[in-house]
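Colleague: Below you'll find coords_9.pdb; it's PDB, C-alpha atoms and all ligand atoms.
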ATOM      1  CA  LEU A   1      18.170  25.357 137.786  1.00  0.00           C
ATOM      2  CA  ASN A   2      17.935  26.086 141.506  1.00  0.00           C
ATOM      3  CA  LYS A   3      15.086  25.613 143.930  1.00  0.00           C
ATOM      4  CA  ALA A   4      14.097  28.230 146.489  1.00  0.00           C
ATOM      5  CA  LEU A   5      12.348  28.618 149.789  1.00  0.00           C
ATOM      6  CA  PHE A   6      10.497  31.936 149.554  1.00  0.00           C
ATOM      7  CA  LEU A   7       9.791  33.461 152.951  1.00  0.00           C
ATOM      8  CA  ASP A   8       7.357  36.219 153.693  1.00  0.00           C
ATOM      9  CA  ARG A   9       8.887  38.419 156.399  1.00  0.00           C
ATOM     10  CA  ASP A  10       6.283  39.918 158.761  1.00  0.00           C
ATOM     11  CA  GLY A  11       4.479  37.049 160.459  1.00  0.00           C
ATOM     12  CA  VAL A  12       7.011  34.431 159.316  1.00  0.00           C
ATOM     13  CA  ILE A  13      10.483  35.716 160.233  1.00  0.00           C
ATOM     14  CA  ASN A  14       9.400  38.328 162.763  1.00  0.00           C
ATOM     15  CA  ILE A  15       6.177  38.571 164.716  1.00  0.00           C
ATOM     16  CA  ASN A  16       3.909  40.953 162.865  1.00  0.00           C
ATOM     17  CA  HIS A  17       3.418  43.956 165.117  1.00  0.00           C
ATOM     18  CA  GLY A  18       2.583  46.036 162.046  1.00  0.00           C
ATOM     19  CA  TYR A  19       5.095  48.003 159.977  1.00  0.00           C
ATOM     20  CA  VAL A  20       8.115  46.731 161.908  1.00  0.00           C
ATOM     21  CA  HIS A  21      11.171  48.800 160.941  1.00  0.00           C
ATOM     22  CA  ARG A  22      13.387  48.943 164.039  1.00  0.00           C
ATOM     23  CA  THR A  23      15.506  46.186 165.557  1.00  0.00           C
ATOM     24  CA  GLU A  24      13.893  46.880 168.950  1.00  0.00           C
ATOM     25  CA  ASP A  25      10.527  45.814 167.530  1.00  0.00           C
ATOM     26  CA  PHE A  26      11.844  42.761 165.691  1.00  0.00           C
ATOM     27  CA  ALA A  27      10.774  39.640 167.625  1.00  0.00           C
ATOM     28  CA  TRP A  28      11.765  36.360 165.989  1.00  0.00           C
ATOM     29  CA  VAL A  29       9.143  33.771 165.143  1.00  0.00           C
ATOM     30  CA  GLU A  30      10.003  30.520 166.906  1.00  0.00           C
ATOM     31  CA  GLY A  31      11.760  28.041 164.630  1.00  0.00           C
ATOM     32  CA  ILE A  32      12.626  30.403 161.778  1.00  0.00           C
ATOM     33  CA  VAL A  33      16.403  30.061 162.018  1.00  0.00           C
ATOM     34  CA  ASP A  34      16.092  26.280 162.153  1.00  0.00           C
ATOM     35  CA  LEU A  35      13.898  26.343 159.033  1.00  0.00           C
ATOM     36  CA  ILE A  36      16.419  28.544 157.217  1.00  0.00           C
ATOM     37  CA  LYS A  37      19.284  26.237 158.188  1.00  0.00           C
ATOM     38  CA  ARG A  38      17.342  23.159 157.091  1.00  0.00           C
ATOM     39  CA  ALA A  39      16.665  24.840 153.739  1.00  0.00           C
ATOM     40  CA  ASN A  40      20.354  25.731 153.374  1.00  0.00           C
ATOM     41  CA  GLN A  41      21.294  22.109 154.031  1.00  0.00           C
ATOM     42  CA  GLN A  42      18.690  20.781 151.580  1.00  0.00           C
ATOM     43  CA  GLY A  43      20.000  22.956 148.769  1.00  0.00           C
ATOM     44  CA  TYR A  44      17.300  25.605 148.699  1.00  0.00           C
ATOM     45  CA  LEU A  45      18.097  29.240 148.119  1.00  0.00           C
ATOM     46  CA  VAL A  46      16.439  31.200 150.929  1.00  0.00           C
ATOM     47  CA  ILE A  47      14.804  34.318 149.553  1.00  0.00           C
ATOM     48  CA  VAL A  48      12.647  36.809 151.440  1.00  0.00           C
ATOM     49  CA  VAL A  49       9.769  38.349 149.494  1.00  0.00           C
ATOM     50  CA  THR A  50       8.050  41.081 151.477  1.00  0.00           C
ATOM     51  CA  ASN A  51       5.418  43.747 150.912  1.00  0.00           C
ATOM     52  CA  GLN A  52       6.678  46.923 152.593  1.00  0.00           C
ATOM     53  CA  SER A  53       4.057  49.530 151.859  1.00  0.00           C
ATOM     54  CA  GLY A  54       5.181  51.272 155.047  1.00  0.00           C
ATOM     55  CA  ILE A  55       7.904  52.741 152.827  1.00  0.00           C
ATOM     56  CA  GLY A  56       5.381  54.099 150.345  1.00  0.00           C
ATOM     57  CA  ARG A  57       3.233  55.355 153.176  1.00  0.00           C
ATOM     58  CA  GLY A  58       6.186  57.327 154.581  1.00  0.00           C
ATOM     59  CA  MET A  59       6.365  55.397 157.851  1.00  0.00           C
ATOM     60  CA  TYR A  60      10.020  54.491 157.265  1.00  0.00           C
ATOM     61  CA  THR A  61      12.541  54.900 154.480  1.00  0.00           C
ATOM     62  CA  GLU A  62      14.144  52.408 152.122  1.00  0.00           C
ATOM     63  CA  ARG A  63      17.398  53.197 153.917  1.00  0.00           C
ATOM     64  CA  GLU A  64      15.861  52.142 157.251  1.00  0.00           C
ATOM     65  CA  PHE A  65      14.464  49.008 155.630  1.00  0.00           C
ATOM     66  CA  PHE A  66      17.911  48.107 154.249  1.00  0.00           C
ATOM     67  CA  ALA A  67      19.523  48.668 157.648  1.00  0.00           C
ATOM     68  CA  LEU A  68      17.009  46.348 159.339  1.00  0.00           C
ATOM     69  CA  THR A  69      17.486  43.801 156.556  1.00  0.00           C
ATOM     70  CA  GLU A  70      21.264  43.744 157.029  1.00  0.00           C
ATOM     71  CA  TRP A  71      20.810  43.359 160.771  1.00  0.00           C
ATOM     72  CA  MET A  72      18.319  40.518 160.248  1.00  0.00           C
ATOM     73  CA  LYS A  73      20.690  38.687 157.868  1.00  0.00           C
ATOM     74  CA  SER A  74      23.608  39.111 160.261  1.00  0.00           C
ATOM     75  CA  GLN A  75      21.575  37.767 163.183  1.00  0.00           C
ATOM     76  CA  VAL A  76      20.685  34.669 161.151  1.00  0.00           C
ATOM     77  CA  ALA A  77      24.290  34.294 159.979  1.00  0.00           C
ATOM     78  CA  ALA A  78      25.501  34.429 163.581  1.00  0.00           C
ATOM     79  CA  GLN A  79      23.423  31.293 164.187  1.00  0.00           C
ATOM     80  CA  GLY A  80      24.782  29.536 161.112  1.00  0.00           C
ATOM     81  CA  GLY A  81      21.987  30.311 158.624  1.00  0.00           C
ATOM     82  CA  VAL A  82      22.090  32.056 155.261  1.00  0.00           C
ATOM     83  CA  ILE A  83      19.434  34.319 153.756  1.00  0.00           C
ATOM     84  CA  ASP A  84      20.515  34.508 150.121  1.00  0.00           C
ATOM     85  CA  ASP A  85      18.470  37.500 149.000  1.00  0.00           C
ATOM     86  CA  VAL A  86      15.669  39.871 149.949  1.00  0.00           C
ATOM     87  CA  PHE A  87      13.110  41.333 147.548  1.00  0.00           C
ATOM     88  CA  PHE A  88      10.657  43.976 148.701  1.00  0.00           C
ATOM     89  CA  CYS A  89       7.750  45.972 147.319  1.00  0.00           C
ATOM     90  CA  PRO A  90       7.580  49.554 148.652  1.00  0.00           C
ATOM     91  CA  HIS A  91       4.486  50.450 146.637  1.00  0.00           C
ATOM     92  CA  HIS A  92       0.820  50.790 147.362  1.00  0.00           C
ATOM     93  CA  PRO A  93      -1.915  51.244 144.755  1.00  0.00           C
ATOM     94  CA  ARG A  94      -3.939  53.830 146.717  1.00  0.00           C
ATOM     95  CA  SER A  95      -2.172  55.004 149.849  1.00  0.00           C
ATOM     96  CA  ALA A  96       1.385  56.175 149.172  1.00  0.00           C
ATOM     97  CA  SER A  97       3.468  59.211 148.347  1.00  0.00           C
ATOM     98  CA  PRO A  98       3.675  59.961 144.598  1.00  0.00           C
ATOM     99  CA  LYS A  99       6.970  58.138 144.095  1.00  0.00           C
ATOM    100  CA  TYR A 100       5.477  54.890 145.430  1.00  0.00           C
ATOM    101  CA  LEU A 101       1.859  55.264 144.350  1.00  0.00           C
ATOM    102  CA  LYS A 102       1.386  52.714 141.630  1.00  0.00           C
ATOM    103  CA  ILE A 103      -0.268  49.505 140.623  1.00  0.00           C
ATOM    104  CA  CYS A 104       2.879  47.421 140.464  1.00  0.00           C
ATOM    105  CA  ASP A 105       3.511  43.808 139.648  1.00  0.00           C
ATOM    106  CA  CYS A 106       5.663  43.215 142.729  1.00  0.00           C
ATOM    107  CA  ARG A 107       3.114  43.698 145.504  1.00  0.00           C
ATOM    108  CA  LYS A 108       1.905  40.257 146.559  1.00  0.00           C
ATOM    109  CA  PRO A 109      -0.379  38.571 145.561  1.00  0.00           C
ATOM    110  CA  ASN A 110       1.275  39.632 142.297  1.00  0.00           C
ATOM    111  CA  THR A 111       4.279  37.526 141.419  1.00  0.00           C
ATOM    112  CA  GLY A 112       6.860  40.125 140.335  1.00  0.00           C
ATOM    113  CA  MET A 113       9.238  39.469 143.219  1.00  0.00           C
ATOM    114  CA  LEU A 114       9.240  35.736 142.479  1.00  0.00           C
ATOM    115  CA  THR A 115       9.801  36.188 138.759  1.00  0.00           C
ATOM    116  CA  SER A 116      12.606  38.701 139.416  1.00  0.00           C
ATOM    117  CA  ALA A 117      14.210  36.273 141.840  1.00  0.00           C
ATOM    118  CA  SER A 118      13.854  33.391 139.425  1.00  0.00           C
ATOM    119  CA  ARG A 119      15.624  35.358 136.674  1.00  0.00           C
ATOM    120  CA  LYS A 120      18.408  36.547 138.973  1.00  0.00           C
ATOM    121  CA  TRP A 121      19.039  33.183 140.632  1.00  0.00           C
ATOM    122  CA  LYS A 122      17.949  30.792 137.852  1.00  0.00           C
ATOM    123  CA  ILE A 123      15.180  29.270 139.951  1.00  0.00           C
ATOM    124  CA  ASP A 124      12.754  26.573 138.896  1.00  0.00           C
ATOM    125  CA  LEU A 125       9.574  27.909 140.500  1.00  0.00           C
ATOM    126  CA  SER A 126       7.833  24.554 140.096  1.00  0.00           C
ATOM    127  CA  ARG A 127      10.350  23.064 142.566  1.00  0.00           C
ATOM    128  CA  SER A 128      10.094  25.973 145.002  1.00  0.00           C
ATOM    129  CA  ILE A 129       8.182  26.633 148.189  1.00  0.00           C
ATOM    130  CA  MET A 130       6.489  29.617 149.861  1.00  0.00           C
ATOM    131  CA  VAL A 131       5.870  30.208 153.543  1.00  0.00           C
ATOM    132  CA  GLY A 132       3.512  33.037 154.443  1.00  0.00           C
ATOM    133  CA  ASP A 133       0.966  34.073 157.026  1.00  0.00           C
ATOM    134  CA  LYS A 134      -1.546  35.773 154.737  1.00  0.00           C
ATOM    135  CA  ARG A 135      -3.893  34.632 152.057  1.00  0.00           C
ATOM    136  CA  LEU A 136      -2.090  36.886 149.582  1.00  0.00           C
ATOM    137  CA  ASP A 137       1.097  34.865 150.102  1.00  0.00           C
ATOM    138  CA  MET A 138      -0.764  31.684 149.201  1.00  0.00           C
ATOM    139  CA  GLN A 139      -2.370  33.363 146.215  1.00  0.00           C
ATOM    140  CA  CYS A 140       1.051  34.517 145.027  1.00  0.00           C
ATOM    141  CA  ALA A 141       2.469  30.997 145.346  1.00  0.00           C
ATOM    142  CA  ILE A 142      -0.465  29.535 143.433  1.00  0.00           C
ATOM    143  CA  THR A 143      -0.225  32.068 140.614  1.00  0.00           C
ATOM    144  CA  ALA A 144       3.523  31.444 140.330  1.00  0.00           C
ATOM    145  CA  LYS A 145       2.854  27.672 140.291  1.00  0.00           C
ATOM    146  CA  LEU A 146       5.192  26.844 143.152  1.00  0.00           C
ATOM    147  CA  SER A 147       5.163  23.233 144.302  1.00  0.00           C
ATOM    148  CA  ASN A 148       4.066  23.886 147.889  1.00  0.00           C
ATOM    149  CA  ALA A 149       2.797  26.764 149.972  1.00  0.00           C
ATOM    150  CA  TYR A 150       2.625  26.703 153.763  1.00  0.00           C
ATOM    151  CA  TRP A 151       0.170  28.979 155.488  1.00  0.00           C
ATOM    152  CA  LEU A 152       1.490  29.741 158.972  1.00  0.00           C
ATOM    153  CA  THR A 153      -1.572  30.563 160.983  1.00  0.00           C
ATOM    154  CA  ASP A 154      -3.253  29.577 164.205  1.00  0.00           C
ATOM    155  CA  GLU A 155      -6.657  30.487 162.908  1.00  0.00           C
ATOM    156  CA  ALA A 156      -9.034  27.812 161.728  1.00  0.00           C
ATOM    157  CA  LEU A 157      -9.157  28.743 158.096  1.00  0.00           C
ATOM    158  CA  SER A 158     -11.023  27.017 155.357  1.00  0.00           C
ATOM    159  CA  MET A 159      -8.628  26.080 152.586  1.00  0.00           C
ATOM    160  CA  ASN A 160     -11.291  26.917 150.065  1.00  0.00           C
ATOM    161  CA  ASP A 161     -11.903  30.335 151.480  1.00  0.00           C
ATOM    162  CA  ALA A 162     -11.349  32.683 148.555  1.00  0.00           C
ATOM    163  CA  LEU A 163      -8.279  30.819 147.343  1.00  0.00           C
ATOM    164  CA  THR A 164      -8.102  30.421 143.640  1.00  0.00           C
ATOM    165  CA  THR A 165      -6.620  27.014 143.302  1.00  0.00           C
ATOM    166  CA  ASN A 166      -5.129  24.862 140.618  1.00  0.00           C
ATOM    167  CA  THR A 167      -3.464  21.510 140.478  1.00  0.00           C
ATOM    168  CA  ASP A 168       0.110  22.834 140.574  1.00  0.00           C
ATOM    169  CA  THR A 169       0.455  24.108 144.130  1.00  0.00           C
ATOM    170  CA  ARG A 170      -0.309  22.186 147.287  1.00  0.00           C
ATOM    171  CA  VAL A 171      -1.401  24.582 150.039  1.00  0.00           C
ATOM    172  CA  LYS A 172      -1.192  23.426 153.636  1.00  0.00           C
ATOM    173  CA  VAL A 173      -1.995  25.196 156.890  1.00  0.00           C
ATOM    174  CA  VAL A 174       0.698  24.817 159.570  1.00  0.00           C
ATOM    175  CA  SER A 175       0.746  26.161 163.102  1.00  0.00           C
ATOM    176  CA  HIS A 176       4.509  25.926 163.599  1.00  0.00           C
ATOM    177  CA  LEU A 177       7.502  26.314 161.299  1.00  0.00           C
ATOM    178  CA  ARG A 178       8.850  22.952 162.439  1.00  0.00           C
ATOM    179  CA  ASP A 179       5.875  21.319 160.688  1.00  0.00           C
ATOM    180  CA  ILE A 180       7.164  22.371 157.269  1.00  0.00           C
ATOM    181  CA  PRO A 181       8.822  19.440 155.490  1.00  0.00           C
ATOM    182  CA  LEU A 182      11.637  20.123 153.054  1.00  0.00           C
ATOM    183  CA  ALA A 183      12.704  17.508 150.555  1.00  0.00           C
TER     184      ALA A 183
HETATM  185 MG    MG A 201       3.149  38.442 156.431  1.00  0.00          MG
HETATM  186 ZN    ZN A 202       5.592  46.937 144.110  1.00  0.00          ZN
END
Starting from the file, give its structure as structure tokens.
Modeller:
Amino acid sequence: LNKALFLDRDGVININHGYVHRTEDFAWVEGIVDLIKRANQQGYLVIVVTNQSGIGRGMYTEREFFALTEWMKSQVAAQGGVIDDVFFCPHHPRSASPKYLKICDCRKPNTGMLTSASRKWKIDLSRSIMVGDKRLDMQCAITAKLSNAYWLTDEALSMNDALTTNTDTRVKVVSHLRDIPLA
């Protein structure tokens, strides 16, 4: 079985300006390509798992999302890094066009994207890691029983603040991607 580094996108790969869908608005978070390359070298699959309700809300299309995704992967590849796969949730439970209006199991904090990835890539989730900037990313990692979850935030957040916790996942706040250890 493989191990994976699951990366949220907005706020982890690109600075979260809100519903980013054009290359012009895509500003890289410092250290992300280095983290991806370290993960590649350490034998992790690098898999993006991203809520994209902007699709469901009609702010951009799946086609535009795919185009940005290909550009993002090529930019990383040009610097020697590999993003192995990208999973996205276009849905929203309340605010979306009919095609995308649903209570799905893929929208984080639900774990559908992780379980789909683990089937496709034969991943041992208990040896895998999540990096996210939102509480829902941490919640997703905990529910999926990943080994570690890194909460990239500058805010002083209480670790106990509304996080359902268990003994399987270690959650740690980090202020820079370089502070994430990979073993
Ligand atoms: Mg995010
Ligand atoms: Zn979904």
Colleague: Nearest to Tyr44 (chain A): which of A:Ser95, A:Gln75, A:Asn14, A:Ser128 is it, counting all atoms listed in the file?
Modeller: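 Once distances to Tyr44 (chain A) are computed over all atoms listed in the file, the minimum belongs to A:Ser128.
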Colleague: Could you list, as a PDB file with C-alpha atoms, in the frame of the given file, every residue matched by the PyMOL selection byres (((not hetatm)) within 7 of (chain A and resi 201)) in this structure?
Modeller:
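The resulting file, expr_14.pdb, is shown below:
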ATOM      1  CA  ASP A   8       7.357  36.219 153.693  1.00  0.00           C
ATOM      2  CA  ARG A   9       8.887  38.419 156.399  1.00  0.00           C
ATOM      3  CA  ASP A  10       6.283  39.918 158.761  1.00  0.00           C
ATOM      4  CA  GLY A  11       4.479  37.049 160.459  1.00  0.00           C
ATOM      5  CA  VAL A  12       7.011  34.431 159.316  1.00  0.00           C
ATOM      6  CA  ASN A  16       3.909  40.953 162.865  1.00  0.00           C
ATOM      7  CA  GLY A 132       3.512  33.037 154.443  1.00  0.00           C
ATOM      8  CA  ASP A 133       0.966  34.073 157.026  1.00  0.00           C
ATOM      9  CA  LYS A 134      -1.546  35.773 154.737  1.00  0.00           C
TER      10      LYS A 134
END
Colleague: From the list A:Pro181, A:Pro98, A:Gly80, A:Gly56, which residue is nearest ligand ZN 202 (chain A) when using only C-alpha atoms and all ligand atoms?
Modeller: A:Gly56
Colleague: Can you tell me, as a list of chain:residue names, what residues are no more than 10 Å from Gly112 (chain A) when counting all atoms listed in the file, ignoring any on the same chain fewer than 4 positions away?
Modeller: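 Surrounding residues, per the criterion: A:Val49, A:Phe87, A:Phe88, A:Cys89, A:Cys104, A:Asp105, A:Cys106, A:Arg107, A:Lys108, A:Ser116, A:Ala117, A:Ser118, A:Cys140, A:Ala144.
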Colleague: If we count only C-alpha atoms, what is near Ile36 (chain A) at a cut-off of 7 Å, once residues fewer than 2 positions away on the same chain are taken out, given as a list in words?
Modeller: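 Counting only the stated atoms, we get Ile32, Val33, Asp34, Arg38, Ala39, Asn40, Val46, Gly81 and Val82 of chain A.
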Colleague: Report the residues retrieved by the PyMOL selection byres (((chain A and resi 1) around 12) and not hetatm) from the displayed file, expressed as JSON, numbers by chain.
Modeller: {"A": [2, 3, 4, 43, 44, 45, 118, 119, 120, 121, 122, 123, 124, 125, 126, 127, 128]}
Colleague: So which one's closest to ligand ZN 202 (chain A), A:Ile13, A:Ala27, A:Ile83, A:Leu101? Using all atoms listed in the file, please.
Modeller: A:Leu101
Colleague: Report as a ChimeraX atom specification the residues that result from applying the PyMOL selection byres (((chain A and resi 62) around 12) and not hetatm) to the structure here.
Modeller: /A:21,52-61,63-69,88-91,100
Colleague: State, in Å with one decimal place, the distance from CA of Gln79 (chain A) to CA of Met138 (chain A).
Modeller: 28.5 Å
Colleague: Since the input is missing atoms, can you rebuild N, CA, C and O atoms for region 104-125 of chain A and write them as a compact mmCIF listing (two decimals), in the coordinates of the input?
Modeller:
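Result file follows (result30.txt):
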# COMPACT_ATOMS: atom_id res chain seq x y z
N CYS A 104 1.63 48.05 140.89
CA CYS A 104 2.88 47.42 140.46
C CYS A 104 2.65 45.93 140.28
O CYS A 104 1.61 45.40 140.66
N ASP A 105 3.65 45.27 139.76
CA ASP A 105 3.51 43.81 139.65
C ASP A 105 4.27 43.09 140.76
O ASP A 105 4.29 41.86 140.81
N CYS A 106 4.89 43.87 141.67
CA CYS A 106 5.66 43.22 142.73
C CYS A 106 4.87 43.03 144.02
O CYS A 106 5.22 42.16 144.82
N ARG A 107 3.85 43.84 144.24
CA ARG A 107 3.11 43.70 145.50
C ARG A 107 2.34 42.39 145.50
O ARG A 107 1.46 42.16 144.66
N LYS A 108 2.66 41.51 146.47
CA LYS A 108 1.90 40.26 146.56
C LYS A 108 0.43 40.58 146.77
O LYS A 108 0.14 41.51 147.52
N PRO A 109 -0.52 39.90 146.17
CA PRO A 109 -0.38 38.57 145.56
C PRO A 109 0.20 38.55 144.14
O PRO A 109 0.27 37.46 143.57
N ASN A 110 0.61 39.69 143.61
CA ASN A 110 1.27 39.63 142.30
C ASN A 110 2.63 38.93 142.45
O ASN A 110 3.20 38.88 143.54
N THR A 111 3.15 38.46 141.35
CA THR A 111 4.28 37.53 141.42
C THR A 111 5.61 38.15 141.00
O THR A 111 6.60 37.43 140.83
N GLY A 112 5.66 39.48 140.86
CA GLY A 112 6.86 40.12 140.34
C GLY A 112 8.13 39.82 141.11
O GLY A 112 9.20 39.67 140.52
N MET A 113 8.03 39.75 142.43
CA MET A 113 9.24 39.47 143.22
C MET A 113 9.74 38.06 142.95
O MET A 113 10.95 37.82 142.89
N LEU A 114 8.83 37.12 142.75
CA LEU A 114 9.24 35.74 142.48
C LEU A 114 9.85 35.62 141.08
O LEU A 114 10.85 34.91 140.90
N THR A 115 9.25 36.30 140.12
CA THR A 115 9.80 36.19 138.76
C THR A 115 11.14 36.90 138.68
O THR A 115 12.06 36.43 138.00
N SER A 116 11.29 38.03 139.38
CA SER A 116 12.61 38.70 139.42
C SER A 116 13.65 37.79 140.05
O SER A 116 14.77 37.66 139.55
N ALA A 117 13.27 37.17 141.16
CA ALA A 117 14.21 36.27 141.84
C ALA A 117 14.57 35.09 140.95
O ALA A 117 15.73 34.67 140.89
N SER A 118 13.58 34.58 140.24
CA SER A 118 13.85 33.39 139.43
C SER A 118 14.78 33.72 138.26
O SER A 118 15.63 32.91 137.89
N ARG A 119 14.67 34.95 137.72
CA ARG A 119 15.62 35.36 136.67
C ARG A 119 17.02 35.54 137.25
O ARG A 119 18.01 35.09 136.68
N LYS A 120 17.10 36.23 138.39
CA LYS A 120 18.41 36.55 138.97
C LYS A 120 19.15 35.29 139.43
O LYS A 120 20.37 35.19 139.27
N TRP A 121 18.41 34.35 140.01
CA TRP A 121 19.04 33.18 140.63
C TRP A 121 18.82 31.89 139.87
O TRP A 121 19.19 30.82 140.35
N LYS A 122 18.20 31.99 138.68
CA LYS A 122 17.95 30.79 137.85
C LYS A 122 17.18 29.73 138.66
O LYS A 122 17.65 28.60 138.87
N ILE A 123 16.00 30.13 139.09
CA ILE A 123 15.18 29.27 139.95
C ILE A 123 14.08 28.60 139.15
O ILE A 123 13.42 29.25 138.33
N ASP A 124 13.90 27.32 139.40
CA ASP A 124 12.75 26.57 138.90
C ASP A 124 11.61 26.76 139.90
O ASP A 124 11.62 26.15 140.97
N LEU A 125 10.65 27.61 139.55
CA LEU A 125 9.57 27.91 140.50
C LEU A 125 8.75 26.66 140.82
O LEU A 125 8.23 26.52 141.92
